[in-house]
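Shown next, in structure tokens, is the structure this report addresses.
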Amino acid sequence: MKIIRSITEMQAVSKTHKSQGETVALVPTMGYLHKGHASLMRHAKENADVVIVSLFVNPTQFAQGEDFDSYPQDFERDKAVTEEIGVNYLFMPIASEMYPDGYNSSVVVSGISKKFEGSTRPTHFNGVAAVVAKLFNACLPDIAVFGQKDYQQTLVIKRFTRDLNFPVEIVVAPTKREKDGLAMSSRNVYLSEQECEDATILFKSLTKASEAIKAGERSRMVINNIMLDSLNSIDKINPDYACAADADTFDEPEEFARGQRIVLMIAVYLGKTRLIDNTVITLP
Ligand code: PAF
């Protein structure tokens, strides 16, 4: 596996592979890789000839007071994980090359960026969209693989990719979970043993709401309240939102329609840690 730091070198390498008729997949990450990332990389390997994993803790998607300065890092382990999977390139751009002096551009996806995560973290998706656009231009992938765990992020990325004509196919791979249902996340390292146990309430709440939907529930408020009541059964959990919405448009009708694909999304604070999870379900 080759480590590349320069954007022009990454572009040249990707172009060479493509000129030889090979397909290129990109898995964007912020490092501190876990089994969820590993499954995205395997997905990429199965679907392309060459796999690039980018590792860049992107400052512009963190707001003041969030965990940018303390975001977990373990380069040696990340290198070992990517090597073991057979990743071809680890792209680790330098912050000053990604955001040179005078950097003054933005990628803004209106509407879907503003709800849910966007209402608590108003600048987050602008940072994500800009850095992912930059990673696409640096790595020139045919496909890019993202985890469903960050559902709203995948929708924002799909939207700007389509709107701005990036020739990249966006693949969303399922969330990897611990045996007790906790969605894998680099931020789980912040949780104590007790908090890990408390955090299983997110998946339990999604499951409860899914069961109600399968049994015929269609009222959005009832579905949201099932999730909220379940989350509130754990004292330490402080829900930010628990919302059902159309899985493609984020519309929030009073009642969902038969056959409609919807997403249930939860965000909570547990101590200082913010946790999110979601599930997608088609109404019977
Ligand atoms: O999901 C992430 O780790 C990040 O938001 C991403 C897509 C790598 C952009 O920095």
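Letters for chains follow the order of the structure tokens (A, B, ...), residue numbers begin at 1 for each chain, and ligand numbers begin at 1 in the order shown.
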
TODO: Run DSSP on the backbone and give me the residues of region 56-261 of chain A it puts in alpha helix (DSSP H), as a ChimeraX atom specification.
DONE: /A:75-85,95-98,117-120,124-139,151-163,193-214,220-231

TODO: For ligand 1, collect every residue having any atom at a distance of at most 6 Å from a ligand atom (counting only C-alpha atoms and all ligand atoms); output as a PyMOL selection string.
DONE: chain A and resi 28-30+58+128+132

Open item on the list: Could you list, as a list in words, every residue within 9 Å of region 8-13 of chain A, counting only C-alpha atoms and ignoring same-chain residues fewer than 2 positions away?
Closed with: Ile4, Arg5, Ser6, Lys15, Thr16, His17, Lys18, Tyr89, Phe91, Asn137, Ala138, Cys139 and Leu140 of chain A

Open item on the list: I'd like the contact shell of Met227 (chain A) - 12 Å cut-off, only C-alpha atoms, skipping same-chain residues fewer than 4 positions apart - returned as a PyMOL selection string.
Closed with: chain A and resi 201-213+220-223+231-233+239-244+264-268+277-279

Mind dumping a table of every region 7-68 of chain A residue within 8 Å of region 180-198 of chain A, with the nearest atom pair and its distance in Å to one decimal, using only C-alpha atoms, sorted by chain and rising number, as a tab-separated table?
```
residue	atom	partner	partner_atom	distance
A:Tyr32	CA	A:Ser186	CA	5.9
A:Leu33	CA	A:Ser186	CA	6.9
A:His34	CA	A:Ser186	CA	6.8
A:Lys35	CA	A:Met184	CA	7.3
A:Gly36	CA	A:Met184	CA	6.0
```

What would the file look like if the residues just selected were written as a PDB file, in the first residue's frame with C-alpha atoms?
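Wrote it out as selection26.pdb, contents follow:
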```
ATOM      1  CA  TYR A  32      -9.454   5.788  13.810  1.00  0.00           C
ATOM      2  CA  LEU A  33     -10.774   2.970  11.672  1.00  0.00           C
ATOM      3  CA  HIS A  34     -13.114   0.315  13.060  1.00  0.00           C
ATOM      4  CA  LYS A  35     -14.960  -2.697  11.676  1.00  0.00           C
ATOM      5  CA  GLY A  36     -17.564  -0.433  10.107  1.00  0.00           C
TER       6      GLY A  36
END
```

Open item on the list: Excluding Ser39 (chain A) and its own-chain neighbours fewer than 4 positions away, which residues fall within 8 Å of it when counting only C-alpha atoms? Please give them as JSON, numbers by chain.
Closed with: {"A": [35, 43, 173, 176]}

Task: Filtered DSSP result for region 20-222 of chain A, state strand (DSSP E), as a PyMOL selection string - done: chain A and resi 24-29+50-55+89-91+143-147+169-173

- [ ] Give me, please, the distance in Å between CA of Glu22 (chain A) and CA of Ala80 (chain A), quoted to one decimal.
- [x] 24.8 Å

TODO: Find, counting only C-alpha atoms, the residue in A:His37, A:Lys149, A:His124, A:Lys158 that gets nearest to Pro59 (chain A).
DONE: A:His124

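CA of Ala133 (chain A) is found 17.7 Å from CA of Leu90 (chain A).
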